[in-house]
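A.B. asks: Take a look at this one; I'll ask things after.
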Number of protein chains: 2
Amino acid sequence: MYNIGVPEYQNFGTPFQTHLTKGGQKMLGAIEAGGTKMVVAIGDDKGNVIKTAEIKTQTPDVTIPKIKEFFEGSDIRAIGIGAFGPVCVDKGSEDYGRIGKTPKPHWVGFSWTEAFKDMNIPIAIDTDVNAAAIGEVIYGNGKGLEDVIYITIGTGIGVGVYSGGRLLHGMLHPEAGHILLPPGKEDDFEGNCPYHKHCFEGLASGPAIKARYGKEPFELIDNEKVWELEADYIGKAIMQYICCYSPRRVILGGGVMHVEKLFSLIREKTREYMNGYINTPELEDMESYITPAGLGGEQGIKGALFLAGREVN
Amino acid sequence: MYNIGVPEYQNFGTPFQTHLTKGGQKMLGAIEAGGTKMVVAIGDDKGNVIKTAEIKTQTPDVTIPKIKEFFEGSDIRAIGIGAFGPVCVDKGSEDYGRIGKTPKPHWVGFSWTEAFKDMNIPIAIDTDVNAAAIGEVIYGNGKGLEDVIYITIGTGIGVGVYSGGRLLHGMLHPEAGHILLPPGKEDDFEGNCPYHKHCFEGLASGPAIKARYGKEPFELIDNEKVWELEADYIGKAIMQYICCYSPRRVILGGGVMHVEKLFSLIREKTREYMNGYINTPELEDMESYITPAGLGGEQGIKGALFLAGREVN
């Protein structure tokens, strides 16, 4: 076992080695692919991160070689990727790992599986939020549960869905950050999602908060009205996810959720919007039901490691 | 094989025999349990309905003996039930089959499994809409697909979810007819759901239409504005279900969906609300993607037969 503490993601621009790899240990690679940065890691199948780095997301031509350089010489057996969507997550499809129409122009049509084909190891792909969801289920606050949703509220809003002991897919994957919400009565902000205006992401993401008030969320930290409205939207959304997925726990992560006082407000709002319609023991214990991520930001990369491990176990 | 045509559910008040049972055939029982009536059937594991009846939903003390009478002497091997919710669908729970808090007072706490325990055969329970969903997947318009949702729009609104080849459950089961919808700009009806006012059911069920216009839906058949608004709400809801479940097909049933002109309006509205955000081959063929139920009202009872069959196969 490795005792690595919390890797200092913030402080390095180039790959660095925090711990030596153990001889004979099954090493795995992981990529948490975001629109602005890629977090890459080498770890084991116990959720231990051995080595990690951040690589700026530029064009695939620039970024992919840097990722490969990071993995070089590490003898990893598989790579797990939690990627921004839309991405084909259907293992049976010839497009498995291919990115669809996205506002990130250089990445449209890019294929993760093709990009790493020359490494001759299995590549597992899911969405960033599904990777985070499984990370929380295996190692974090969703441990032991078969039905968990992970919601990230930050630059965007996304939902990872673990249902009946499996990550939920379909013709594509959930894009549940884009559910429509009834706007708050006193909110005249029309929403900033380029596709749906006042969807959840368009009303409650970090950039939506900034667009509504003209200030960064952290500058608004003492403005109670801001967080009251934010919690109201999140509560409306969670109410809908409860109706759709009936999760046994709701885990919240992402930059906006660093505002800790949101949690109690969100629990209150969720209860208000459910209005006693569904009665379960889980909903009676809102403190446990709506909970922060347990892995302090590592849920995505640990989930991606787990996805990699599944390929070789 | 039986060739039974379409049973005339409408015309009988007491059980009747449409076809003789075949010797040696594995006979199964099915109950489609609604708030106003129970449809009961005896059939086989090929989806053939042999005998059927409607029984008025009164108190369990009155209704259950009538259902048992219907099954008497039929040598059924299992019973499948598609029941109004909330109902415990967790097979591992000691409450499997027990009805939760419902506005139907005599049924609160009633247990389907206990009620039929004396028959000494397996009882399978799911929600009415999940039963209809699996009916459509096995025998109807969802055939061959692993990800299908079935939406019923009638006295209430409910959604059956078949995802990754399984009916979706969680801490309970989906109650996705109660997702919140942004109200239409010119709609000043506040919704009639006693729990959530302007949820999907509160805005677009048959009783919601009646409450908004003061007339029965069938009296409004030539009023284009009525169906424009109805399709608008249904389109908003389907957009959200696509974001949440990513189904490969959306099947619509229930009384309101007898208004056939709704289908093309709904497809249009769904496309409008998706606004090109998700691009899949399925969504390009809206005619196939959003489709009526293929079993003409029998999806629930055939699905319940299938659930029964799974218990003995």
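By order of appearance in the structure tokens: chains A, B, ..., then residues from 1 within every chain, and ligands from 1 in the order shown.
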Show me a table, sorted first by chain and then by increasing residue number, of the residues of chain B having an atom at most 8 Å from chain A, each with its shortest atom pair and the distance in Å to one decimal, counting only C-alpha atoms and written as a tab-separated table.

C.D. replies:
residue	atom	partner	partner_atom	distance
B:Pro86	CA	A:Ile278	CA	7.7
B:Gly100	CA	A:Asn279	CA	7.7
B:Lys101	CA	A:Asn279	CA	7.3
B:Glu146	CA	A:Gly170	CA	7.7
B:Asp147	CA	A:Gly170	CA	5.7
B:Ser163	CA	A:Gly170	CA	6.9
B:Gly164	CA	A:Gly170	CA	6.7
B:Leu168	CA	A:Gly164	CA	7.2
B:His169	CA	A:Gly164	CA	6.9
B:Gly170	CA	A:Ser246	CA	4.8
B:Met171	CA	A:Arg248	CA	5.2
B:Leu172	CA	A:Ser246	CA	5.9
B:His173	CA	A:Ser246	CA	5.9
B:Pro174	CA	A:Cys244	CA	5.1
B:Glu175	CA	A:Cys243	CA	4.6
B:Ala176	CA	A:Cys243	CA	4.7
B:Gly177	CA	A:Cys243	CA	7.7
B:His178	CA	A:Cys243	CA	6.6
B:Ile179	CA	A:Gln240	CA	5.0
B:Leu180	CA	A:Gln240	CA	6.8
B:Leu181	CA	A:Pro182	CA	5.9
B:Pro182	CA	A:Pro182	CA	4.0
B:Pro183	CA	A:Pro182	CA	6.9
B:Tyr195	CA	A:Asn275	CA	5.9
B:His196	CA	A:Tyr273	CA	7.0
B:Lys236	CA	A:Leu180	CA	7.7
B:Met239	CA	A:Ile179	CA	7.6
B:Gln240	CA	A:Ile179	CA	5.0
B:Ile242	CA	A:Pro174	CA	7.7
B:Cys243	CA	A:Glu175	CA	4.6
B:Cys244	CA	A:Ala176	CA	4.8
B:Tyr245	CA	A:Pro174	CA	5.8
B:Ser246	CA	A:Gly170	CA	4.8
B:Pro247	CA	A:Gly170	CA	5.4
B:Arg248	CA	A:Met171	CA	5.2
B:Tyr273	CA	A:His196	CA	7.0
B:Met274	CA	A:His196	CA	7.5
B:Asn275	CA	A:Tyr195	CA	5.9
B:Gly276	CA	A:Tyr195	CA	7.5
B:Tyr277	CA	A:Tyr195	CA	6.3
B:Ile278	CA	A:Pro86	CA	7.7
B:Asn279	CA	A:Lys101	CA	7.3
B:Thr280	CA	A:Met171	CA	7.4
B:Glu282	CA	A:Met171	CA	7.7

A.B. asks: Could you write those residues out with C-alpha atoms, as a PDB file, in the first residue's frame?

C.D. replies:
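Output contents, as saved in selection25.pdb:
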ATOM      1  CA  PRO B  86     -45.542   4.143  -4.543  1.00  0.00           C
ATOM      2  CA  GLY B 100     -46.569   3.300   0.485  1.00  0.00           C
ATOM      3  CA  LYS B 101     -48.250   6.608   1.222  1.00  0.00           C
ATOM      4  CA  GLU B 146     -31.969  -1.865 -24.351  1.00  0.00           C
ATOM      5  CA  ASP B 147     -32.914   1.707 -23.450  1.00  0.00           C
ATOM      6  CA  SER B 163     -32.249   1.206 -19.108  1.00  0.00           C
ATOM      7  CA  GLY B 164     -29.282  -0.961 -20.024  1.00  0.00           C
ATOM      8  CA  LEU B 168     -34.787   1.060 -13.458  1.00  0.00           C
ATOM      9  CA  HIS B 169     -35.285   1.027  -9.705  1.00  0.00           C
ATOM     10  CA  GLY B 170     -33.448   2.734  -6.886  1.00  0.00           C
ATOM     11  CA  MET B 171     -34.368   3.520  -3.316  1.00  0.00           C
ATOM     12  CA  LEU B 172     -37.904   3.248  -4.727  1.00  0.00           C
ATOM     13  CA  HIS B 173     -38.842   3.526  -8.410  1.00  0.00           C
ATOM     14  CA  PRO B 174     -38.958   6.447 -10.829  1.00  0.00           C
ATOM     15  CA  GLU B 175     -41.751   8.935 -10.241  1.00  0.00           C
ATOM     16  CA  ALA B 176     -40.719  10.894 -13.277  1.00  0.00           C
ATOM     17  CA  GLY B 177     -44.185  12.201 -14.088  1.00  0.00           C
ATOM     18  CA  HIS B 178     -43.523  14.716 -11.343  1.00  0.00           C
ATOM     19  CA  ILE B 179     -40.537  16.528 -12.830  1.00  0.00           C
ATOM     20  CA  LEU B 180     -40.966  20.289 -12.725  1.00  0.00           C
ATOM     21  CA  LEU B 181     -41.589  22.143 -15.963  1.00  0.00           C
ATOM     22  CA  PRO B 182     -41.121  25.810 -16.734  1.00  0.00           C
ATOM     23  CA  PRO B 183     -44.703  27.031 -17.254  1.00  0.00           C
ATOM     24  CA  TYR B 195     -47.704  17.957  -4.195  1.00  0.00           C
ATOM     25  CA  HIS B 196     -45.894  20.079  -6.779  1.00  0.00           C
ATOM     26  CA  LYS B 236     -40.250  19.951 -22.532  1.00  0.00           C
ATOM     27  CA  MET B 239     -36.273  16.831 -23.630  1.00  0.00           C
ATOM     28  CA  GLN B 240     -35.541  16.333 -19.943  1.00  0.00           C
ATOM     29  CA  ILE B 242     -33.538  12.473 -23.030  1.00  0.00           C
ATOM     30  CA  CYS B 243     -31.035  14.413 -20.907  1.00  0.00           C
ATOM     31  CA  CYS B 244     -31.595  12.102 -17.926  1.00  0.00           C
ATOM     32  CA  TYR B 245     -31.975   8.647 -19.476  1.00  0.00           C
ATOM     33  CA  SER B 246     -30.661   8.919 -23.035  1.00  0.00           C
ATOM     34  CA  PRO B 247     -33.298   6.455 -24.258  1.00  0.00           C
ATOM     35  CA  ARG B 248     -33.070   4.920 -27.707  1.00  0.00           C
ATOM     36  CA  TYR B 273     -36.187  22.147 -26.857  1.00  0.00           C
ATOM     37  CA  MET B 274     -33.214  19.858 -27.560  1.00  0.00           C
ATOM     38  CA  ASN B 275     -31.977  22.611 -29.883  1.00  0.00           C
ATOM     39  CA  GLY B 276     -29.301  20.434 -31.452  1.00  0.00           C
ATOM     40  CA  TYR B 277     -27.547  19.782 -28.160  1.00  0.00           C
ATOM     41  CA  ILE B 278     -27.389  16.008 -28.513  1.00  0.00           C
ATOM     42  CA  ASN B 279     -26.707  14.498 -31.911  1.00  0.00           C
ATOM     43  CA  THR B 280     -27.425  10.842 -32.458  1.00  0.00           C
ATOM     44  CA  GLU B 282     -31.867   8.102 -33.234  1.00  0.00           C
TER      45      GLU B 282
END

A.B. asks: So which residues touch segment 202-218 of chain B within 8 Å, counting only C-alpha atoms, skipping near sequence neighbours fewer than 4 positions away, as number ranges by chain?

C.D. replies: B: 153-157, 178, 189-194, 196-198, 230, 233-234, 255-256

A.B. asks: Convert the current residue selection to file output with N, CA and C atoms, as a PDB file, in the first residue's frame.

C.D. replies:
ATOM      1  N   ILE B 153     -49.701   9.259 -20.443  1.00  0.00           N
ATOM      2  CA  ILE B 153     -50.315  10.551 -20.160  1.00  0.00           C
ATOM      3  C   ILE B 153     -51.816  10.352 -20.175  1.00  0.00           C
ATOM      4  N   GLY B 154     -52.404  10.350 -18.998  1.00  0.00           N
ATOM      5  CA  GLY B 154     -53.838  10.080 -18.881  1.00  0.00           C
ATOM      6  C   GLY B 154     -54.336  10.724 -17.603  1.00  0.00           C
ATOM      7  N   THR B 155     -54.982   9.930 -16.779  1.00  0.00           N
ATOM      8  CA  THR B 155     -55.441  10.441 -15.486  1.00  0.00           C
ATOM      9  C   THR B 155     -54.269  10.981 -14.680  1.00  0.00           C
ATOM     10  N   GLY B 156     -53.157  10.286 -14.785  1.00  0.00           N
ATOM     11  CA  GLY B 156     -51.908  10.779 -14.202  1.00  0.00           C
ATOM     12  C   GLY B 156     -50.853  10.716 -15.278  1.00  0.00           C
ATOM     13  N   ILE B 157     -49.629  11.061 -14.916  1.00  0.00           N
ATOM     14  CA  ILE B 157     -48.514  10.895 -15.851  1.00  0.00           C
ATOM     15  C   ILE B 157     -47.453  10.061 -15.149  1.00  0.00           C
ATOM     16  N   HIS B 178     -43.457  13.545 -12.223  1.00  0.00           N
ATOM     17  CA  HIS B 178     -43.523  14.716 -11.343  1.00  0.00           C
ATOM     18  C   HIS B 178     -42.344  15.673 -11.503  1.00  0.00           C
ATOM     19  N   PHE B 189     -52.519  28.927 -15.741  1.00  0.00           N
ATOM     20  CA  PHE B 189     -52.979  27.821 -14.892  1.00  0.00           C
ATOM     21  C   PHE B 189     -51.829  27.406 -13.983  1.00  0.00           C
ATOM     22  N   GLU B 190     -52.092  27.347 -12.696  1.00  0.00           N
ATOM     23  CA  GLU B 190     -50.971  27.119 -11.787  1.00  0.00           C
ATOM     24  C   GLU B 190     -50.636  25.640 -11.561  1.00  0.00           C
ATOM     25  N   GLY B 191     -51.409  24.766 -12.201  1.00  0.00           N
ATOM     26  CA  GLY B 191     -51.133  23.337 -12.043  1.00  0.00           C
ATOM     27  C   GLY B 191     -51.988  22.721 -10.963  1.00  0.00           C
ATOM     28  N   ASN B 192     -52.302  21.430 -11.097  1.00  0.00           N
ATOM     29  CA  ASN B 192     -53.205  20.822 -10.112  1.00  0.00           C
ATOM     30  C   ASN B 192     -52.611  19.613  -9.388  1.00  0.00           C
ATOM     31  N   CYS B 193     -51.296  19.480  -9.406  1.00  0.00           N
ATOM     32  CA  CYS B 193     -50.720  18.396  -8.605  1.00  0.00           C
ATOM     33  C   CYS B 193     -50.737  18.822  -7.143  1.00  0.00           C
ATOM     34  N   PRO B 194     -51.346  18.010  -6.282  1.00  0.00           N
ATOM     35  CA  PRO B 194     -51.427  18.417  -4.870  1.00  0.00           C
ATOM     36  C   PRO B 194     -50.045  18.531  -4.203  1.00  0.00           C
ATOM     37  N   HIS B 196     -46.869  19.196  -6.124  1.00  0.00           N
ATOM     38  CA  HIS B 196     -45.894  20.079  -6.779  1.00  0.00           C
ATOM     39  C   HIS B 196     -46.532  21.132  -7.689  1.00  0.00           C
ATOM     40  N   LYS B 197     -47.838  21.246  -7.651  1.00  0.00           N
ATOM     41  CA  LYS B 197     -48.546  22.206  -8.507  1.00  0.00           C
ATOM     42  C   LYS B 197     -48.172  22.015  -9.979  1.00  0.00           C
ATOM     43  N   HIS B 198     -47.115  22.754 -10.407  1.00  0.00           N
ATOM     44  CA  HIS B 198     -46.825  22.794 -11.843  1.00  0.00           C
ATOM     45  C   HIS B 198     -45.765  21.782 -12.253  1.00  0.00           C
ATOM     46  N   GLU B 230     -50.297  21.572 -24.863  1.00  0.00           N
ATOM     47  CA  GLU B 230     -50.081  20.213 -24.346  1.00  0.00           C
ATOM     48  C   GLU B 230     -48.791  19.628 -24.930  1.00  0.00           C
ATOM     49  N   TYR B 233     -45.649  21.164 -23.360  1.00  0.00           N
ATOM     50  CA  TYR B 233     -45.264  20.578 -22.072  1.00  0.00           C
ATOM     51  C   TYR B 233     -44.675  19.178 -22.257  1.00  0.00           C
ATOM     52  N   ILE B 234     -45.295  18.408 -23.115  1.00  0.00           N
ATOM     53  CA  ILE B 234     -44.784  17.042 -23.323  1.00  0.00           C
ATOM     54  C   ILE B 234     -43.388  17.105 -23.951  1.00  0.00           C
ATOM     55  N   GLY B 255     -54.525   7.793 -22.105  1.00  0.00           N
ATOM     56  CA  GLY B 255     -55.725   8.367 -22.720  1.00  0.00           C
ATOM     57  C   GLY B 255     -55.483   9.613 -23.558  1.00  0.00           C
ATOM     58  N   VAL B 256     -54.698  10.539 -23.037  1.00  0.00           N
ATOM     59  CA  VAL B 256     -54.477  11.806 -23.761  1.00  0.00           C
ATOM     60  C   VAL B 256     -53.806  11.546 -25.106  1.00  0.00           C
TER      61      VAL B 256
END

A.B. asks: With only C-alpha atoms as the counted atoms, please give the residues lying no more than 6 Å from segment 288-298 of chain B, apart from itself and same-chain residues fewer than 6 positions off, as a VMD selection string.

C.D. replies: chain B and resid 140 to 141 249 to 253

A.B. asks: Could those selected residues go to a file with all heavy atoms, as a PDB file, in the first residue's frame?

C.D. replies:
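So the final result, stored in part14.pdb, reads:
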ATOM      1  N   GLY B 140     -43.691  -5.037 -28.135  1.00  0.00           N
ATOM      2  CA  GLY B 140     -44.243  -3.882 -28.860  1.00  0.00           C
ATOM      3  C   GLY B 140     -43.218  -3.045 -29.581  1.00  0.00           C
ATOM      4  O   GLY B 140     -42.276  -3.556 -30.178  1.00  0.00           O
ATOM      5  N   ASN B 141     -43.356  -1.744 -29.470  1.00  0.00           N
ATOM      6  CA  ASN B 141     -42.527  -0.828 -30.254  1.00  0.00           C
ATOM      7  C   ASN B 141     -41.126  -0.585 -29.695  1.00  0.00           C
ATOM      8  O   ASN B 141     -40.375   0.202 -30.254  1.00  0.00           O
ATOM      9  CB  ASN B 141     -43.262   0.506 -30.431  1.00  0.00           C
ATOM     10  CG  ASN B 141     -44.276   0.426 -31.556  1.00  0.00           C
ATOM     11  OD1 ASN B 141     -44.204  -0.496 -32.381  1.00  0.00           O
ATOM     12  ND2 ASN B 141     -45.214   1.357 -31.599  1.00  0.00           N
ATOM     13  N   ARG B 249     -35.473   5.069 -27.564  1.00  0.00           N
ATOM     14  CA  ARG B 249     -36.822   5.319 -28.084  1.00  0.00           C
ATOM     15  C   ARG B 249     -37.715   5.817 -26.957  1.00  0.00           C
ATOM     16  O   ARG B 249     -37.537   5.435 -25.805  1.00  0.00           O
ATOM     17  CB  ARG B 249     -37.414   4.054 -28.714  1.00  0.00           C
ATOM     18  CG  ARG B 249     -38.743   4.304 -29.439  1.00  0.00           C
ATOM     19  CD  ARG B 249     -39.070   3.217 -30.424  1.00  0.00           C
ATOM     20  NE  ARG B 249     -38.120   3.181 -31.534  1.00  0.00           N
ATOM     21  CZ  ARG B 249     -37.902   2.133 -32.327  1.00  0.00           C
ATOM     22  NH1 ARG B 249     -38.577   1.027 -32.132  1.00  0.00           N
ATOM     23  NH2 ARG B 249     -37.014   2.202 -33.304  1.00  0.00           N
ATOM     24  N   VAL B 250     -38.676   6.661 -27.326  1.00  0.00           N
ATOM     25  CA  VAL B 250     -39.648   7.186 -26.369  1.00  0.00           C
ATOM     26  C   VAL B 250     -41.027   6.731 -26.834  1.00  0.00           C
ATOM     27  O   VAL B 250     -41.454   7.066 -27.945  1.00  0.00           O
ATOM     28  CB  VAL B 250     -39.586   8.728 -26.319  1.00  0.00           C
ATOM     29  CG1 VAL B 250     -40.676   9.276 -25.411  1.00  0.00           C
ATOM     30  CG2 VAL B 250     -38.208   9.205 -25.869  1.00  0.00           C
ATOM     31  N   ILE B 251     -41.693   5.955 -26.004  1.00  0.00           N
ATOM     32  CA  ILE B 251     -43.002   5.412 -26.377  1.00  0.00           C
ATOM     33  C   ILE B 251     -44.080   6.084 -25.534  1.00  0.00           C
ATOM     34  O   ILE B 251     -43.944   6.202 -24.317  1.00  0.00           O
ATOM     35  CB  ILE B 251     -43.032   3.882 -26.180  1.00  0.00           C
ATOM     36  CG1 ILE B 251     -41.941   3.248 -27.052  1.00  0.00           C
ATOM     37  CG2 ILE B 251     -44.410   3.317 -26.490  1.00  0.00           C
ATOM     38  CD1 ILE B 251     -41.781   1.746 -26.865  1.00  0.00           C
ATOM     39  N   LEU B 252     -45.112   6.545 -26.210  1.00  0.00           N
ATOM     40  CA  LEU B 252     -46.165   7.299 -25.536  1.00  0.00           C
ATOM     41  C   LEU B 252     -47.482   6.553 -25.531  1.00  0.00           C
ATOM     42  O   LEU B 252     -47.934   6.070 -26.569  1.00  0.00           O
ATOM     43  CB  LEU B 252     -46.352   8.648 -26.230  1.00  0.00           C
ATOM     44  CG  LEU B 252     -45.204   9.654 -26.064  1.00  0.00           C
ATOM     45  CD1 LEU B 252     -45.296  10.740 -27.138  1.00  0.00           C
ATOM     46  CD2 LEU B 252     -45.236  10.287 -24.687  1.00  0.00           C
ATOM     47  N   GLY B 253     -48.101   6.455 -24.366  1.00  0.00           N
ATOM     48  CA  GLY B 253     -49.413   5.833 -24.255  1.00  0.00           C
ATOM     49  C   GLY B 253     -50.290   6.618 -23.301  1.00  0.00           C
ATOM     50  O   GLY B 253     -49.911   7.701 -22.845  1.00  0.00           O
TER      51      GLY B 253
END

A.B. asks: As a ChimeraX atom specification, list the residues of segment 21-137 of chain A assigned to strand (DSSP E or B) by DSSP on the backbone atoms of this structure.

C.D. replies: /A:28-33,37-43,49-56,79-83,87,98-99,111,123-127

A.B. asks: Using C-alpha atoms, can you write the selected residues to a file as a PDB file, in the first residue's frame?

C.D. replies:
ATOM      1  CA  LEU A  28      -2.877   1.728 -14.275  1.00  0.00           C
ATOM      2  CA  GLY A  29      -3.219   4.998 -16.110  1.00  0.00           C
ATOM      3  CA  ALA A  30      -6.006   7.538 -15.741  1.00  0.00           C
ATOM      4  CA  ILE A  31      -7.044  10.707 -17.524  1.00  0.00           C
ATOM      5  CA  GLU A  32      -9.598  13.193 -16.302  1.00  0.00           C
ATOM      6  CA  ALA A  33     -10.180  15.145 -19.474  1.00  0.00           C
ATOM      7  CA  LYS A  37      -6.979  20.923 -18.302  1.00  0.00           C
ATOM      8  CA  MET A  38      -6.282  17.229 -18.281  1.00  0.00           C
ATOM      9  CA  VAL A  39      -5.441  15.599 -14.983  1.00  0.00           C
ATOM     10  CA  VAL A  40      -3.376  12.500 -15.639  1.00  0.00           C
ATOM     11  CA  ALA A  41      -2.349   9.892 -13.125  1.00  0.00           C
ATOM     12  CA  ILE A  42      -0.672   6.595 -12.637  1.00  0.00           C
ATOM     13  CA  GLY A  43      -2.013   4.489  -9.834  1.00  0.00           C
ATOM     14  CA  VAL A  49      -2.575   7.621  -6.987  1.00  0.00           C
ATOM     15  CA  ILE A  50       1.200   7.178  -7.389  1.00  0.00           C
ATOM     16  CA  LYS A  51       2.049   9.955  -9.781  1.00  0.00           C
ATOM     17  CA  THR A  52      -0.030  12.736 -11.178  1.00  0.00           C
ATOM     18  CA  ALA A  53       0.154  15.871 -13.303  1.00  0.00           C
ATOM     19  CA  GLU A  54      -1.924  18.527 -14.942  1.00  0.00           C
ATOM     20  CA  ILE A  55      -1.665  19.194 -18.637  1.00  0.00           C
ATOM     21  CA  LYS A  56      -3.289  22.156 -20.290  1.00  0.00           C
ATOM     22  CA  ILE A  79      -5.980   3.539 -19.243  1.00  0.00           C
ATOM     23  CA  GLY A  80      -9.267   4.774 -17.813  1.00  0.00           C
ATOM     24  CA  ILE A  81     -10.616   8.060 -19.110  1.00  0.00           C
ATOM     25  CA  GLY A  82     -13.287  10.308 -17.682  1.00  0.00           C
ATOM     26  CA  ALA A  83     -13.918  12.666 -20.575  1.00  0.00           C
ATOM     27  CA  VAL A  87     -18.413  11.073 -26.199  1.00  0.00           C
ATOM     28  CA  ARG A  98     -15.029   9.313 -30.155  1.00  0.00           C
ATOM     29  CA  ILE A  99     -16.004  12.851 -29.174  1.00  0.00           C
ATOM     30  CA  SER A 111     -11.114   9.446 -30.770  1.00  0.00           C
ATOM     31  CA  ILE A 123      -8.741   1.917 -22.968  1.00  0.00           C
ATOM     32  CA  ALA A 124     -11.922   2.436 -20.904  1.00  0.00           C
ATOM     33  CA  ILE A 125     -13.991   5.547 -21.469  1.00  0.00           C
ATOM     34  CA  ASP A 126     -16.846   7.159 -19.663  1.00  0.00           C
ATOM     35  CA  THR A 127     -17.929  10.702 -19.014  1.00  0.00           C
TER      36      THR A 127
END

A.B. asks: What gap, in Å, lies between atom CA of Asp232 of chain B and atom CA of Glu186 of chain A?

C.D. replies: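 Computing the Euclidean distance for atom CA of Asp232 of chain B and atom CA of Glu186 of chain A yields 23.9 Å.
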
A.B. asks: Please return, as a list in words, all residues of segment 88-218 of chain A that DSSP assigns to alpha helix (DSSP H) on the basis of the backbone.

C.D. replies: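 Put together, the selection reads Trp112, Thr113, Glu114, Ala115, Asp128, Val129, Asn130, Ala131, Ala132, Ala133, Ile134, Gly135, Glu136, Val137, Ile138, Tyr139, Phe200, Glu201, Gly202, Leu203, Ala204, Gly206, Pro207, Ala208, Ile209, Lys210, Ala211, Arg212 and Tyr213 of chain A.
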
A.B. asks: When you look at Pro122 of chain B with a cut-off of 10 Å (counting only C-alpha atoms), what residues show up, excluding the ones that are within fewer than 2 positions of it in the same chain? I need them as a list in words.

C.D. replies: Arg77, Ala78, Ile79, Gly80, Thr113, Phe116, Lys117, Met119, Asn120, Ala124, Ile125, Ala308, Gly309, Arg310, Glu311 and Val312 of chain B

A.B. asks: Between atom CA of Asp128 of chain A and atom CA of Val89 of chain A, what distance in Å does the model show, to one decimal?

C.D. replies: 11.4 Å

A.B. asks: Mind pulling up the distance from atom CA of Thr270 of chain A to atom CA of His106 of chain B?

C.D. replies: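 Going from atom CA of His106 of chain B over to atom CA of Thr270 of chain A, I get 29.0 Å.
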